[in-house]
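Listing of protein.cif, mmCIF, C-alpha atoms
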data_upload
loop_
_atom_site.label_atom_id
_atom_site.label_comp_id
_atom_site.auth_asym_id
_atom_site.auth_seq_id
_atom_site.Cartn_x
_atom_site.Cartn_y
_atom_site.Cartn_z
CA MET T 118 135.96 126.20 182.05
CA GLU T 119 134.90 125.41 185.62
CA ALA T 120 137.40 126.49 188.25
CA PHE T 121 136.84 123.27 190.24
CA ALA T 122 135.49 119.88 189.26
CA LEU T 123 135.52 116.28 190.40
CA ALA T 124 136.46 113.77 187.71
CA SER T 125 135.75 110.06 187.53
CA GLU T 126 137.90 109.64 184.39
CA ARG T 127 141.63 110.18 183.87
CA LEU T 128 142.45 113.91 183.64
CA ASP T 129 143.30 115.29 180.20
CA ILE T 130 146.09 117.53 181.44
CA ASP T 131 147.15 118.75 177.99
CA SER T 132 143.60 119.96 177.42
CA LEU T 133 143.48 121.65 180.83
CA ILE T 134 146.74 123.46 180.10
CA ARG T 135 145.48 124.57 176.67
CA GLN T 136 142.38 126.01 178.32
CA LEU T 137 144.55 128.00 180.73
CA ASP T 138 146.57 129.48 177.86
CA ASP T 139 146.85 133.25 178.16
CA PRO T 140 149.35 135.40 176.23
CA ALA T 141 149.46 137.83 179.17
CA ALA T 142 150.64 135.06 181.52
CA GLY T 143 154.41 134.89 181.92
CA ALA T 144 154.00 132.12 184.51
CA LEU T 145 152.18 128.81 184.39
CA VAL T 146 152.55 126.84 187.63
CA LEU T 147 151.27 123.25 187.73
CA PHE T 148 150.85 120.85 190.62
CA HIS T 149 150.35 117.16 189.88
CA GLY T 150 149.35 115.26 193.03
CA ARG T 151 150.20 111.66 192.15
CA VAL T 152 149.45 108.32 193.77
CA ARG T 153 152.63 107.32 195.62
CA ASN T 154 153.75 103.71 196.11
CA HIS T 155 154.44 104.06 199.83
CA HIS T 156 153.02 105.62 202.99
CA GLN T 157 154.57 105.45 206.45
CA GLY T 158 156.77 102.53 205.48
CA ARG T 159 154.02 100.47 203.85
CA ALA T 160 153.89 99.55 200.16
CA VAL T 161 150.84 101.15 198.57
CA THR T 162 149.31 99.69 195.39
CA GLY T 163 146.55 102.25 194.84
CA LEU T 164 144.21 104.83 196.34
CA ASP T 165 140.44 104.73 196.27
CA TYR T 166 138.97 108.26 196.42
CA HIS T 167 135.43 108.92 197.60
CA ALA T 168 133.56 112.21 198.01
CA HIS T 169 130.30 113.63 199.17
CA MET T 170 129.71 114.54 195.54
CA ALA T 171 127.16 117.37 195.88
CA LEU T 172 128.90 118.98 198.83
CA ALA T 173 132.41 118.54 197.42
CA ALA T 174 131.44 120.10 194.09
CA ARG T 175 129.89 123.08 195.81
CA GLU T 176 132.51 123.57 198.52
CA GLY T 177 135.24 123.19 195.90
CA SER T 178 133.65 125.84 193.69
CA ARG T 179 133.16 128.19 196.63
CA LEU T 180 136.74 127.65 197.69
CA LEU T 181 138.07 128.38 194.20
CA ASP T 182 135.98 131.58 194.08
CA GLN T 183 137.54 132.59 197.38
CA LEU T 184 141.06 131.74 196.21
CA GLN T 185 140.49 133.68 193.01
CA ALA T 186 139.48 136.73 195.07
CA ALA T 187 142.52 136.30 197.34
CA HIS T 188 144.88 136.05 194.34
CA PRO T 189 143.33 138.53 191.88
CA THR T 190 146.31 138.59 189.50
CA CYS T 191 146.06 134.79 188.99
CA ARG T 192 143.76 132.39 187.23
CA ILE T 193 143.38 129.17 189.23
CA VAL T 194 141.91 125.84 188.13
CA ALA T 195 141.72 122.60 190.14
CA ARG T 196 140.57 119.05 189.43
CA HIS T 197 140.24 116.09 191.80
CA ARG T 198 139.78 112.47 190.81
CA ILE T 199 137.25 110.08 192.34
CA GLY T 200 137.50 106.27 192.22
CA MET T 201 140.28 103.69 192.30
CA LEU T 202 143.62 105.03 191.08
CA PRO T 203 146.84 103.07 190.51
CA VAL T 204 150.31 104.23 191.54
CA GLY T 205 151.54 107.08 189.36
CA GLU T 206 148.09 108.36 188.40
CA VAL T 207 147.34 112.06 188.90
CA ALA T 208 144.71 112.31 191.65
CA PHE T 209 144.73 116.05 192.20
CA TRP T 210 145.75 118.73 189.74
CA VAL T 211 146.11 122.50 190.10
CA GLY T 212 147.05 124.93 187.34
CA VAL T 213 147.71 128.64 187.89
CA THR T 214 148.59 131.36 185.42
CA SER T 215 149.71 134.89 186.20
CA ALA T 216 151.92 137.59 184.78
CA HIS T 217 154.76 136.73 187.17
CA ARG T 218 155.85 133.56 188.97
CA ALA T 219 155.77 134.62 192.63
CA GLU T 220 152.01 135.09 192.81
CA ALA T 221 151.39 131.94 190.75
CA PHE T 222 153.48 129.77 193.10
CA ALA T 223 151.75 131.31 196.13
CA ALA T 224 148.26 130.79 194.71
CA CYS T 225 149.07 127.19 193.74
CA GLU T 226 150.32 126.32 197.24
CA ASP T 227 147.30 128.02 198.81
CA CYS T 228 144.94 126.07 196.54
CA VAL T 229 146.59 122.70 197.24
CA ARG T 230 146.55 123.26 201.00
CA GLN T 231 142.94 124.42 201.13
CA VAL T 232 141.43 121.81 198.79
CA LYS T 233 143.08 119.08 200.87
CA SER T 234 141.63 120.42 204.11
CA ARG T 235 138.26 121.93 203.16
CA VAL T 236 136.63 119.70 200.53
CA PRO T 237 134.84 116.48 201.63
CA ILE T 238 137.02 113.94 199.83
CA TRP T 239 138.49 110.81 201.42
CA LYS T 240 141.07 108.27 200.31
CA LYS T 241 141.43 104.63 201.17
CA GLU T 242 144.91 103.20 200.84
CA HIS T 243 145.31 99.74 199.35
CA TYR T 244 148.48 97.96 200.46
CA SER T 245 150.60 95.24 198.85
CA ASP T 246 149.41 92.69 201.45
CA ALA T 247 145.80 93.30 200.25
CA SER T 248 144.78 95.17 203.41
CA THR T 249 143.25 98.67 203.24
CA ALA T 250 142.87 101.72 205.48
CA TRP T 251 140.95 104.97 205.25
CA LEU T 252 143.07 108.03 205.89
CA GLU T 253 141.50 110.67 208.13
CA GLN T 254 143.48 113.87 208.34
CA THR T 255 141.56 117.15 208.75
CA VAL T 256 138.26 117.82 210.54
CA LEU T 257 135.99 119.93 208.33
CA LYS T 258 134.86 123.18 209.89
CA ALA T 259 131.22 124.14 210.23
CA GLU T 260 131.91 127.80 209.47
CA PRO T 261 130.98 128.83 205.95
CA LEU T 262 133.96 129.09 203.64
CA MET G 106 110.61 111.85 212.94
CA LYS G 107 111.92 110.20 209.80
CA LEU G 108 115.51 111.11 208.92
CA THR G 109 117.92 109.94 206.27
CA VAL G 110 121.52 109.55 207.41
CA CYS G 111 124.39 109.35 204.89
CA TYR G 112 127.76 107.80 205.74
CA PHE G 113 131.11 108.32 204.08
CA ALA G 114 134.51 106.66 204.03
CA SER G 115 135.31 104.73 207.24
CA MET G 116 131.85 105.42 208.65
CA ARG G 117 130.24 103.88 205.59
CA ASP G 118 132.29 100.73 206.13
CA LEU G 119 131.42 100.62 209.85
CA ALA G 120 127.70 101.16 209.20
CA ALA G 121 127.84 98.66 206.30
CA CYS G 122 125.68 100.99 204.22
CA ASP G 123 126.02 104.39 202.59
CA ARG G 124 122.64 105.64 203.80
CA GLU G 125 119.74 104.59 205.95
CA THR G 126 116.38 106.02 206.92
CA ILE G 127 115.65 105.94 210.62
CA ASP G 128 112.91 106.99 212.99
CA SER G 129 114.43 109.21 215.61
CA ASP G 130 113.42 111.62 218.36
CA ALA G 131 116.69 113.52 217.97
CA THR G 132 116.17 117.26 217.64
CA THR G 133 119.76 118.11 216.64
CA PRO G 134 122.58 116.33 214.77
CA ALA G 135 124.43 116.08 218.11
CA GLU G 136 121.57 114.07 219.63
CA LEU G 137 121.27 112.04 216.46
CA TYR G 138 124.96 111.12 216.51
CA ARG G 139 124.72 109.96 220.14
CA GLU G 140 121.86 107.71 219.08
CA LEU G 141 123.69 106.41 215.99
CA ARG G 142 126.69 105.44 218.10
CA THR G 143 124.44 102.92 219.87
CA ARG G 144 123.58 101.36 216.49
CA HIS G 145 127.01 101.37 214.84
CA PRO G 146 130.58 100.97 216.14
CA PHE G 147 131.63 104.53 215.25
CA PRO G 148 134.87 105.37 217.11
CA HIS G 149 134.79 109.11 216.35
CA ARG G 150 134.06 111.67 219.00
CA GLN G 151 131.62 114.30 217.79
CA SER G 152 134.46 116.87 217.76
CA GLU G 153 136.26 114.73 215.16
CA LEU G 154 133.35 114.93 212.71
CA ALA G 155 131.50 117.54 210.72
CA VAL G 156 127.83 117.30 209.88
CA ALA G 157 125.85 118.49 206.87
CA ILE G 158 122.11 118.87 206.66
CA ASP G 159 120.74 118.73 203.12
CA ASP G 160 124.23 119.20 201.67
CA GLU G 161 125.20 122.20 203.81
CA ILE G 162 127.84 121.90 206.56
CA THR G 163 126.12 123.07 209.70
CA PRO G 164 126.65 123.44 213.48
CA TRP G 165 125.84 120.37 215.59
CA GLU G 166 123.06 122.19 217.46
CA THR G 167 121.07 123.14 214.33
CA PRO G 168 117.43 122.00 214.75
CA LEU G 169 116.53 118.98 212.63
CA SER G 170 113.37 118.99 210.58
CA ALA G 171 111.42 115.98 209.36
CA GLU G 172 112.72 114.40 206.16
CA ALA G 173 116.12 116.05 206.64
CA GLU G 174 119.10 114.34 205.04
CA VAL G 175 121.99 114.30 207.51
CA SER G 176 125.54 113.53 206.34
CA LEU G 177 128.22 112.54 208.83
CA LEU G 178 131.64 113.61 207.59
CA PRO G 179 134.80 112.07 209.06
CA PRO G 180 138.12 113.97 208.79
CA VAL G 181 138.93 114.52 205.13
CA SER G 182 141.99 113.27 203.24
CA GLY G 183 141.77 114.57 199.71
CA GLY G 184 144.82 115.34 197.61
#

Starting from the file, lay out its structure as structure tokens.
Amino acid sequence: MEAFALASERLDIDSLIRQLDDPAAGALVLFHGRVRNHHQGRAVTGLDYHAHMALAAREGSRLLDQLQAAHPTCRIVARHRIGMLPVGEVAFWVGVTSAHRAEAFAACEDCVRQVKSRVPIWKKEHYSDASTAWLEQTVLKAEPL
Amino acid sequence: MKLTVCYFASMRDLAACDRETIDSDATTPAELYRELRTRHPFPHRQSELAVAIDDEITPWETPLSAEAEVSLLPPVSGG
């Protein structure tokens, strides 16, 4: 099972959880990043995710390797969707197992924060009045991960 | 020198294409971006972007070689 992957189809979360199954893990922490129906007071109807596919796949894998090394008692898996997603759809998913909850929560938060800021993925918001806007939030750094 | 430039997200919309091949005398991505801003209405300052050469994020002063593929990366918003 790859630690990080981009997905153009709906995520099979039950399958992802089954693949994380580990009898030694007392904790399974999941993050479901879902498409929300509002942003800064505007009604959002969907999000269109784009990526630099080759770079995002590689930077994501490097990042997960680094997170795995930083949280050695955890197993961390992340998936990010690409394409047009309706409200309620899971766009970004992180699953972490570990023997105890504290390190799993910490690794999950670390993974969410770093994938959002270090992997070349962009989202375009679609609003209820049919207008759209790209969101631009974090400048990528040139330093190697 | 022939270079391929790839655009993403808002920059793709502003350039009205996802990639183009151009003839340029630019020797670094920084010079190339100054030139591209005369062709397209990019609002970003260089400091607001990252650049990748052949799928590797790289400093703006890295020398460009012929046939290089240069990707301009606006601030990301995954998640």

Would you pick out the contacts of range 172-176 of chain G at 7 Å or less, using only C-alpha atoms, so that residues sharing its chain but fewer than 3 positions from it are not included, and give the list as a list in words?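 In the requested form, the answer reads Lys107, Leu108, Thr109, Val110, Cys111, Tyr112, Val156, Ala157, Ile158, Asp159 and Leu169 of chain G.
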
Under the PyMOL selection byres ((chain G and resi 162) around 12), which residues of this model are included? Write them out as a JSON list (two decimals) with C-alpha atoms, in the frame of the given file.
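The file below, expr03.json, is the result:
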[["chain", "number", "residue", "atom", "x", "y", "z"],
["T", 169, "HIS", "CA", 130.30, 113.63, 199.17],
["T", 171, "ALA", "CA", 127.16, 117.37, 195.88],
["T", 172, "LEU", "CA", 128.90, 118.98, 198.83],
["T", 173, "ALA", "CA", 132.41, 118.54, 197.42],
["T", 175, "ARG", "CA", 129.89, 123.08, 195.81],
["T", 176, "GLU", "CA", 132.51, 123.57, 198.52],
["T", 235, "ARG", "CA", 138.26, 121.93, 203.16],
["T", 236, "VAL", "CA", 136.63, 119.70, 200.53],
["T", 237, "PRO", "CA", 134.84, 116.48, 201.63],
["T", 256, "VAL", "CA", 138.26, 117.82, 210.54],
["T", 257, "LEU", "CA", 135.99, 119.93, 208.33],
["T", 258, "LYS", "CA", 134.86, 123.18, 209.89],
["T", 259, "ALA", "CA", 131.22, 124.14, 210.23],
["T", 260, "GLU", "CA", 131.91, 127.80, 209.47],
["T", 261, "PRO", "CA", 130.98, 128.83, 205.95],
["T", 262, "LEU", "CA", 133.96, 129.09, 203.64],
["G", 134, "PRO", "CA", 122.58, 116.33, 214.77],
["G", 154, "LEU", "CA", 133.35, 114.93, 212.71],
["G", 155, "ALA", "CA", 131.50, 117.54, 210.72],
["G", 156, "VAL", "CA", 127.83, 117.30, 209.88],
["G", 157, "ALA", "CA", 125.85, 118.49, 206.87],
["G", 158, "ILE", "CA", 122.11, 118.87, 206.66],
["G", 159, "ASP", "CA", 120.74, 118.73, 203.12],
["G", 160, "ASP", "CA", 124.23, 119.20, 201.67],
["G", 161, "GLU", "CA", 125.20, 122.20, 203.81],
["G", 163, "THR", "CA", 126.12, 123.07, 209.70],
["G", 164, "PRO", "CA", 126.65, 123.44, 213.48],
["G", 165, "TRP", "CA", 125.84, 120.37, 215.59],
["G", 166, "GLU", "CA", 123.06, 122.19, 217.46],
["G", 167, "THR", "CA", 121.07, 123.14, 214.33],
["G", 174, "GLU", "CA", 119.10, 114.34, 205.04],
["G", 175, "VAL", "CA", 121.99, 114.30, 207.51],
["G", 176, "SER", "CA", 125.54, 113.53, 206.34],
["G", 177, "LEU", "CA", 128.22, 112.54, 208.83],
["G", 178, "LEU", "CA", 131.64, 113.61, 207.59]]

Nearest to chain G among T:Val204, T:Ile199, T:Leu145, T:Ala160, with distances taken over only C-alpha atoms: which residue is it?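 Using only C-alpha atoms, chain G sits closest to T:Ile199.
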
Apply the PyMOL selection byres ((chain T and resi 242) around 8) to the file shown and report the selected residues as a PyMOL selection string. chain T and resi 161-165+240-241+243-244+249-252

Residues matched by the PyMOL selection byres ((chain G and resi 149) around 12) as a ChimeraX atom specification: /T:253,256 /G:115-116,119,138-139,141-142,145-148,150-155,177-180

What does the structure give for the distance between CA of Arg153 in chain T and CA of Ala174 in chain T, in Å to one decimal?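 Rounded to one decimal, the two atoms are 24.8 Å apart.
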
Proximity to chain T - best of G:Ala114, G:Ser129, G:Thr143, G:Ala120, all atoms listed in the file: G:Ala114

Straight-line distance linking CA of His217 in chain T with CA of Asp139 in chain T, stated in Å to one decimal: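 Those two atoms sit 12.5 Å apart.
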
May I ask for the distance between CA of Lys233 in chain T and CA of Ile193 in chain T, given in Å to one decimal place? 15.4 Å

Which one of T:Ser132, T:Phe121, T:Arg127, T:Glu220 sits closest to Ala187 in chain T if you count all atoms listed in the file?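 Checking each candidate against Ala187 in chain T, we get T:Glu220 as the closest.
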
Could you tell me which of T:Ser178, T:Asn154, T:Thr214, T:Ser234 comes closest to chain G if we count only C-alpha atoms?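 Ranking T:Ser178, T:Asn154, T:Thr214, T:Ser234 by distance to chain G, first place goes to T:Ser234.
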
Among T:Pro140, T:Gly200, T:Gly205, T:Gly150, Ala168 in chain T is approached most closely, using all atoms listed in the file, by T:Gly200

Within 8 Å of file point (143.9, 115.7, 197.4), counting all atoms listed in the file, expressed as a PyMOL selection string: (chain T and resi 150+197+208-209+229+232-233+238) or (chain G and resi 182-184)

Range 123-132 of chain G: axis-aligned bounding box, 8 Å on each side, centre and edge lengths in Å, one decimal, as AutoDock Vina command-line options:
--center_x 119.5 --center_y 110.8 --center_z 210.5 --size_x 29.1 --size_y 28.9 --size_z 31.8

Compare G:Met106, G:Val181, G:Ala171, G:Ala135 by their minimum atom-to-atom distance to chain T, counting only C-alpha atoms, and give me the closest one.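 So, comparing all the options, the nearest one is G:Val181.
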
Output requested as a PDB file, in the frame of the given file - range 115-133 of chain G, filled out with N, CA and C atoms.
ATOM      1  N   SER G 115     135.252 105.777 206.205  1.00  0.00           N
ATOM      2  CA  SER G 115     135.310 104.730 207.240  1.00  0.00           C
ATOM      3  C   SER G 115     133.958 104.510 207.893  1.00  0.00           C
ATOM      4  N   MET G 116     133.154 105.563 207.994  1.00  0.00           N
ATOM      5  CA  MET G 116     131.850 105.420 208.650  1.00  0.00           C
ATOM      6  C   MET G 116     130.893 104.594 207.800  1.00  0.00           C
ATOM      7  N   ARG G 117     131.050 104.699 206.495  1.00  0.00           N
ATOM      8  CA  ARG G 117     130.240 103.880 205.590  1.00  0.00           C
ATOM      9  C   ARG G 117     130.593 102.405 205.782  1.00  0.00           C
ATOM     10  N   ASP G 118     131.880 102.121 205.910  1.00  0.00           N
ATOM     11  CA  ASP G 118     132.290 100.730 206.130  1.00  0.00           C
ATOM     12  C   ASP G 118     131.761 100.213 207.474  1.00  0.00           C
ATOM     13  N   LEU G 119     131.851 101.053 208.514  1.00  0.00           N
ATOM     14  CA  LEU G 119     131.420 100.620 209.850  1.00  0.00           C
ATOM     15  C   LEU G 119     129.898 100.434 209.930  1.00  0.00           C
ATOM     16  N   ALA G 120     129.157 101.280 209.201  1.00  0.00           N
ATOM     17  CA  ALA G 120     127.700 101.160 209.200  1.00  0.00           C
ATOM     18  C   ALA G 120     127.229 100.084 208.212  1.00  0.00           C
ATOM     19  N   ALA G 121     128.149  99.658 207.341  1.00  0.00           N
ATOM     20  CA  ALA G 121     127.840  98.660 206.300  1.00  0.00           C
ATOM     21  C   ALA G 121     126.729  99.130 205.375  1.00  0.00           C
ATOM     22  N   CYS G 122     126.618 100.436 205.209  1.00  0.00           N
ATOM     23  CA  CYS G 122     125.680 100.990 204.220  1.00  0.00           C
ATOM     24  C   CYS G 122     126.089 102.444 203.968  1.00  0.00           C
ATOM     25  N   ASP G 123     125.662 102.991 202.829  1.00  0.00           N
ATOM     26  CA  ASP G 123     126.020 104.390 202.590  1.00  0.00           C
ATOM     27  C   ASP G 123     124.912 105.348 203.017  1.00  0.00           C
ATOM     28  N   ARG G 124     123.717 104.812 203.251  1.00  0.00           N
ATOM     29  CA  ARG G 124     122.640 105.640 203.800  1.00  0.00           C
ATOM     30  C   ARG G 124     121.586 104.756 204.420  1.00  0.00           C
ATOM     31  N   GLU G 125     120.859 105.325 205.375  1.00  0.00           N
ATOM     32  CA  GLU G 125     119.740 104.590 205.950  1.00  0.00           C
ATOM     33  C   GLU G 125     118.702 105.607 206.423  1.00  0.00           C
ATOM     34  N   THR G 126     117.455 105.170 206.417  1.00  0.00           N
ATOM     35  CA  THR G 126     116.380 106.020 206.920  1.00  0.00           C
ATOM     36  C   THR G 126     115.985 105.489 208.283  1.00  0.00           C
ATOM     37  N   ILE G 127     115.962 106.386 209.262  1.00  0.00           N
ATOM     38  CA  ILE G 127     115.650 105.940 210.620  1.00  0.00           C
ATOM     39  C   ILE G 127     114.541 106.811 211.216  1.00  0.00           C
ATOM     40  N   ASP G 128     113.862 106.231 212.181  1.00  0.00           N
ATOM     41  CA  ASP G 128     112.910 106.990 212.990  1.00  0.00           C
ATOM     42  C   ASP G 128     113.636 107.435 214.233  1.00  0.00           C
ATOM     43  N   SER G 129     113.647 108.720 214.481  1.00  0.00           N
ATOM     44  CA  SER G 129     114.430 109.210 215.610  1.00  0.00           C
ATOM     45  C   SER G 129     113.703 110.358 216.305  1.00  0.00           C
ATOM     46  N   ASP G 130     113.944 110.473 217.610  1.00  0.00           N
ATOM     47  CA  ASP G 130     113.420 111.620 218.360  1.00  0.00           C
ATOM     48  C   ASP G 130     114.473 112.716 218.478  1.00  0.00           C
ATOM     49  N   ALA G 131     115.616 112.529 217.861  1.00  0.00           N
ATOM     50  CA  ALA G 131     116.690 113.520 217.970  1.00  0.00           C
ATOM     51  C   ALA G 131     116.223 114.858 217.401  1.00  0.00           C
ATOM     52  N   THR G 132     116.566 115.925 218.122  1.00  0.00           N
ATOM     53  CA  THR G 132     116.170 117.260 217.640  1.00  0.00           C
ATOM     54  C   THR G 132     117.341 118.007 217.013  1.00  0.00           C
ATOM     55  N   THR G 133     118.563 117.486 217.228  1.00  0.00           N
ATOM     56  CA  THR G 133     119.760 118.110 216.640  1.00  0.00           C
ATOM     57  C   THR G 133     120.662 117.002 216.111  1.00  0.00           C
TER      58      THR G 133
END
